[in-house]
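J.: Below are the structure tokens for one structure; questions will follow.
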Amino acid sequence: MDKNVAFGLEDDDPSSDQIVNYDPVNTKGLTLTQPVVLIGMMGAGKSAIGRMIAQELDLPFMDADHEIEKAAALTIPEIFEKYGEDHFRYGERKVIARLLRSQIHILATGGGAFMNEETRQTIAKNAISIWFKADFDILWERVSRKSHRPLLHTPDPQGTLKKLIEDRYPVYEEADIIVDCDDVSKEDMRDRVIDALRNHLAQ
Ligand code: S3P
């Protein structure tokens with residue numbers, strides 16, 4: 001099967017690390033010249049807080065997982081089940097590259113996106129990345145309430161989550177900005193991320 005077809009992508013999809021020169025966007029005292037990409041583990045709050053950040057900054061919000069599902073016309077568990085994780089990662093890379101070429105916006109990505117070398121390069125070249133850093137207890141408390149994450153469908157989901165944290169955190173460290181997600185309210189987390197972005201842009 002042609003992989004592009006399943007994700008609704010054109011054959012002539014431009015190269016994934018293409019740098020886009022956007023006109024700067026001024027909002028709430030910030031000047032952005034690139035999209036802002038939220039990375040971090042499942043359960044870190046990238047989508048929920050990302051939406052609130054976008055609203056506060058009057059910017060569009062996109063959720064990469066949601067866009068992948070739309071492009072494939074399948075849910076993420078269905079993509080994993082039908083085509084496997086590699087195929088999902090392929091679509092994820094393509095969709096994120098497309099979104100980063102579209103406009104300055106806040107983009108929440110799935111937990112594994114930044115682990116893919118090419119996706120990481122694309123993000124490094126075309127966006128400001130922010131890692132939502134959370135410890136195991138916070139993540140487990142949140143992800144154990146939901147069942148839509150295929151990577152945790154294992155006999156020992158706690159062990160799997162711990163292993164993912166171990167493997168991924170050294171790579172997430174490469175993000176431009178790191179924000180700790182303690183057990184704060186969503187509003188506090190939103191403000192914390194915006195402050196960190198402001199400090200980064202002032203450097
Ligand atoms: C994944 C995280 C999920 C989703 C997919 C794989 C991962 O997104 O992309 O299930 O590899 O950690 P969230 O981080 O939004 O849960």
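A note on labels: chains of the structure tokens are A, B, ... as shown, every chain counts residues from 1, and ligands are counted from 1 in their shown order.
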Could you name the residues that touch Arg93 (chain A) at 6 Å or less, counting only C-alpha atoms, but leaving out those on the same chain fewer than 3 positions away, as a list in words?

T.: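 Surrounding residues, per the criterion: Tyr90, Ile96 and Thr119 of chain A.
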
J.: Neighbouring residues of ligand 1 are defined here as those with any atom at most 7 Å from a ligand atom, counting only C-alpha atoms and all ligand atoms; list them as a list in words.

T.: Gly40, Met41, Met42, Gly43, Lys46, Ser47, Asp65, Ile76, Thr109, Gly110, Gly111, Gly112, Ala113, Arg149, Pro150 and Leu151 of chain A

J.: Between A:Ala44, A:Ala73, A:Val184, A:Leu32, which residue has the minimum interatomic distance to Gln103 (chain A), considering only C-alpha atoms?

T.: A:Leu32

J.: Record the distance separating CA of Ile49 (chain A) and CA of Val25 (chain A), expressed in Å with one decimal.

T.: 20.6 Å

J.: Let's see if you can do this: from backbone DSSP, list all alpha helix (DSSP H) residues in region 11-203 of chain A, as a VMD selection string.

T.: chain A and resid 46 to 56 64 to 72 76 to 83 85 to 100 117 to 126 136 to 143 157 to 172 186 to 202

J.: Next, dump the selected residues to file, keeping only C-alpha atoms, as an mmCIF file, in the first residue's frame.

T.:
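Written file, result26.cif:
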data_model
loop_
_atom_site.group_PDB
_atom_site.id
_atom_site.type_symbol
_atom_site.label_atom_id
_atom_site.label_comp_id
_atom_site.auth_asym_id
_atom_site.auth_seq_id
_atom_site.Cartn_x
_atom_site.Cartn_y
_atom_site.Cartn_z
ATOM 1 C CA LYS A 46 0.127 19.329 25.775
ATOM 2 C CA SER A 47 -3.294 19.405 24.101
ATOM 3 C CA ALA A 48 -5.368 20.830 26.962
ATOM 4 C CA ILE A 49 -2.846 23.488 27.982
ATOM 5 C CA GLY A 50 -1.825 24.112 24.360
ATOM 6 C CA ARG A 51 -5.383 25.088 23.536
ATOM 7 C CA MET A 52 -5.432 27.501 26.488
ATOM 8 C CA ILE A 53 -2.075 29.027 25.484
ATOM 9 C CA ALA A 54 -3.344 29.552 21.941
ATOM 10 C CA GLN A 55 -6.491 31.194 23.233
ATOM 11 C CA GLU A 56 -4.527 33.479 25.542
ATOM 12 C CA ALA A 64 -0.931 16.767 15.500
ATOM 13 C CA ASP A 65 -2.659 13.554 16.638
ATOM 14 C CA HIS A 66 -6.015 14.952 15.612
ATOM 15 C CA GLU A 67 -4.638 16.024 12.218
ATOM 16 C CA ILE A 68 -3.120 12.557 11.684
ATOM 17 C CA GLU A 69 -6.481 10.977 12.458
ATOM 18 C CA LYS A 70 -8.200 13.333 10.021
ATOM 19 C CA ALA A 71 -5.647 12.652 7.264
ATOM 20 C CA ALA A 72 -5.899 8.887 7.713
ATOM 21 C CA ILE A 76 -4.799 6.405 16.354
ATOM 22 C CA PRO A 77 -5.592 2.989 17.884
ATOM 23 C CA GLU A 78 -6.986 1.955 14.476
ATOM 24 C CA ILE A 79 -3.821 3.130 12.666
ATOM 25 C CA PHE A 80 -1.650 1.161 15.108
ATOM 26 C CA GLU A 81 -3.853 -1.903 14.780
ATOM 27 C CA LYS A 82 -4.243 -1.802 11.017
ATOM 28 C CA TYR A 83 -0.796 -0.618 9.885
ATOM 29 C CA GLU A 85 3.557 1.860 14.788
ATOM 30 C CA ASP A 86 6.122 2.493 12.002
ATOM 31 C CA HIS A 87 3.376 3.529 9.674
ATOM 32 C CA PHE A 88 1.907 5.820 12.318
ATOM 33 C CA ARG A 89 5.341 7.432 12.806
ATOM 34 C CA TYR A 90 5.658 7.963 9.068
ATOM 35 C CA GLY A 91 2.301 9.743 8.932
ATOM 36 C CA GLU A 92 3.145 11.696 12.079
ATOM 37 C CA ARG A 93 6.362 12.993 10.521
ATOM 38 C CA LYS A 94 4.639 14.036 7.303
ATOM 39 C CA VAL A 95 1.688 15.667 9.028
ATOM 40 C CA ILE A 96 3.871 17.631 11.477
ATOM 41 C CA ALA A 97 6.072 18.871 8.598
ATOM 42 C CA ARG A 98 2.957 19.989 6.734
ATOM 43 C CA LEU A 99 1.535 21.780 9.789
ATOM 44 C CA LEU A 100 4.834 23.594 10.416
ATOM 45 C CA GLU A 117 15.150 11.942 14.233
ATOM 46 C CA GLU A 118 13.644 13.565 11.146
ATOM 47 C CA THR A 119 10.681 15.029 13.001
ATOM 48 C CA ARG A 120 13.072 16.401 15.607
ATOM 49 C CA GLN A 121 15.162 18.064 12.872
ATOM 50 C CA THR A 122 12.080 19.529 11.263
ATOM 51 C CA ILE A 123 10.950 20.948 14.603
ATOM 52 C CA ALA A 124 14.453 22.247 15.423
ATOM 53 C CA LYS A 125 14.653 24.118 12.132
ATOM 54 C CA ASN A 126 11.114 25.402 11.890
ATOM 55 C CA PHE A 136 5.964 9.456 36.538
ATOM 56 C CA ASP A 137 3.352 9.906 39.285
ATOM 57 C CA ILE A 138 1.636 12.819 37.567
ATOM 58 C CA LEU A 139 1.661 11.085 34.189
ATOM 59 C CA TRP A 140 0.439 7.763 35.547
ATOM 60 C CA GLU A 141 -2.356 9.415 37.475
ATOM 61 C CA ARG A 142 -3.586 10.970 34.237
ATOM 62 C CA VAL A 143 -2.993 8.235 31.662
ATOM 63 C CA PRO A 157 1.581 -0.403 31.592
ATOM 64 C CA GLN A 158 3.306 1.198 34.607
ATOM 65 C CA GLY A 159 6.590 -0.471 33.649
ATOM 66 C CA THR A 160 6.067 0.571 30.021
ATOM 67 C CA LEU A 161 5.493 4.176 31.035
ATOM 68 C CA LYS A 162 8.641 4.128 33.203
ATOM 69 C CA LYS A 163 10.681 2.714 30.330
ATOM 70 C CA LEU A 164 9.337 5.350 27.916
ATOM 71 C CA ILE A 165 10.299 8.075 30.409
ATOM 72 C CA GLU A 166 13.785 6.606 30.734
ATOM 73 C CA ASP A 167 14.279 6.384 26.967
ATOM 74 C CA ARG A 168 12.707 9.674 26.043
ATOM 75 C CA TYR A 169 13.758 12.227 28.640
ATOM 76 C CA PRO A 170 17.378 12.469 27.474
ATOM 77 C CA VAL A 171 16.069 13.287 23.989
ATOM 78 C CA TYR A 172 13.325 15.661 25.160
ATOM 79 C CA LYS A 186 -4.173 24.355 34.184
ATOM 80 C CA GLU A 187 -4.274 28.148 34.314
ATOM 81 C CA ASP A 188 -0.999 28.290 36.251
ATOM 82 C CA MET A 189 0.607 25.900 33.809
ATOM 83 C CA ARG A 190 -0.601 28.029 30.879
ATOM 84 C CA ASP A 191 0.919 31.151 32.464
ATOM 85 C CA ARG A 192 4.124 29.334 33.312
ATOM 86 C CA VAL A 193 4.591 28.254 29.690
ATOM 87 C CA ILE A 194 3.846 31.730 28.328
ATOM 88 C CA ASP A 195 6.353 33.253 30.783
ATOM 89 C CA ALA A 196 8.988 30.733 29.740
ATOM 90 C CA LEU A 197 8.327 31.552 26.087
ATOM 91 C CA ARG A 198 8.616 35.267 26.836
ATOM 92 C CA ASN A 199 11.966 34.732 28.591
ATOM 93 C CA HIS A 200 13.249 32.607 25.739
ATOM 94 C CA LEU A 201 12.321 35.216 23.138
ATOM 95 C CA ALA A 202 13.955 37.970 25.208
#

J.: Using only C-alpha atoms, pick whichever of A:Asp156, A:Asp183, A:Asp63, A:Asp176 has the shortest atom-to-atom distance to Ile106 (chain A).

T.: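 Going through A:Asp156, A:Asp183, A:Asp63, A:Asp176 one by one, the smallest distance to Ile106 (chain A) is for A:Asp63.
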
J.: Pick from A:Ser185, A:Ser102, A:Gln203, A:Asn21: nearest to Met62 (chain A), with only C-alpha atoms counted?

T.: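 Closest candidate: A:Ser102.
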
J.: What is the distance between CA of Tyr22 (chain A) and CA of Ile130 (chain A), in Å to one decimal?

T.: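 Spanning CA of Tyr22 (chain A) to CA of Ile130 (chain A) is a straight-line distance of 19.5 Å.
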